[in-house]
Amino acid sequence: MPDENPSPQIPRRQFWRGVQAILPILVGVFPFGMIYGALAVKADIPFFPAASMSFITFAGSSQFVATQMVRQAAPVVITVLTMFVINLRHALYSASVAGYVRHLSPAWKLGLAYLLTDEAYAVTISNYRQEGSQGNQQYFFLGAGLALWLCWQISTLLGILLGAVIPESWSLDFALPLTFIALIVPSLKERAGITAALTSAVVGILAYAMPFKLSILTAALLGITAGLLVEKKR
Amino acid sequence: MNLWLIIILAGILTYLTRLSFIWLLHRVNVPPLAQRALELVPPAVLAVIIAQEMLIRDGAPALTLHNPRILAGLVAIVVAWRTRNTLLTIIVGMAALLVLNALLLG
């Protein structure tokens, strides 16, 4: 039977294109999620809250740091503030995709915002730049976002369940800096960004002994300031 | 319980951050300085975490070659820089660490 009206197929096709685009990244995310789960167990976070953080906060790097801060019994305010700053970059992703999702209903906007992670953003924005916002491209976003979401929930659960069993000698926790290196190094092209990264790295080592991981906030703020100053000079 | 307070507050703040411009775009303008500062958040935040994960071992700076994470991390940085390939960066970095670990122990 000839397909007289192919348009209902398009959302599904866009959805799977999104899933396909994010698949290679999931290979890196999976061990990362397992490590989060394992670290949560090590920080004596019970199963239900550990899994809920993946569901409610749903932001890997901040969850990772949160387990370290809970372990050190850092005050709630400092922990939440650190997580907030780590996640501030999402405002940038939000601004960057805003123009492409402008025509969507409030329900779509509320849903896609929840799925706006580093990885989903990376593949979605490159799709939007190539294809524009028309032709049900929001399903691409949805597919990429949901695939990452599912991968994160499953890997986290596995990590919580198997965390205690994974031998230390596998050094799986090294997947965290490796994932961040893969995310950030290719994007460092201009002086301001490189200055911000280097300053922050050096301050983070010099200030590592600050209590409650305050070294992260301090280093990030000084790094951003250094980057802005370098840019202003030119 | 403190843990739930952290999860819920961080969850709300993170969600509002993600929703911010998607929701408000046609109503607000981001000042250029704030925009630039936001663009510098990822390199700054990720760099401090990378540096601490590579260089701080057992709660103290470990800046010698006995810390295999330095070399393995540098290898990963070169791979990321030259190839821009996420998966390759993680695999090569992980393999480098395991090989260096074996060499140091053996």
# chains A, B, ... in the order shown; residues from 1 in each chain; ligands from 1

$ residues_around --residues "Gln14 in chain A" --least-positions-apart "2" --cutoff "7 Å" --atoms "only C-alpha atoms" --output "list of chain:residue names"
A:Ile10, A:Pro11, A:Arg12, A:Trp16, A:Arg17, A:Gly18, A:Asn136, A:Gln137, A:Tyr139, A:Phe140

$ interface_residues --of "chain B" --to "chain A" --cutoff "6 Å" --atoms "only C-alpha atoms" --output "number ranges by chain"
B: 6-7, 10-11, 17-19, 21-22, 40-45, 47-48, 50-51, 80-81, 84, 86, 89-90

$ closest_residue --among "B:Ile12, B:Leu88, B:Ala96, B:Ala60" --to "Val75 in chain B" --atoms "only C-alpha atoms"
B:Ala96

$ closest_residue --among "A:Ser133, A:Ala74, A:Gly163, A:Glu119" --to "Trp149 in chain A" --atoms "only C-alpha atoms"
A:Glu119
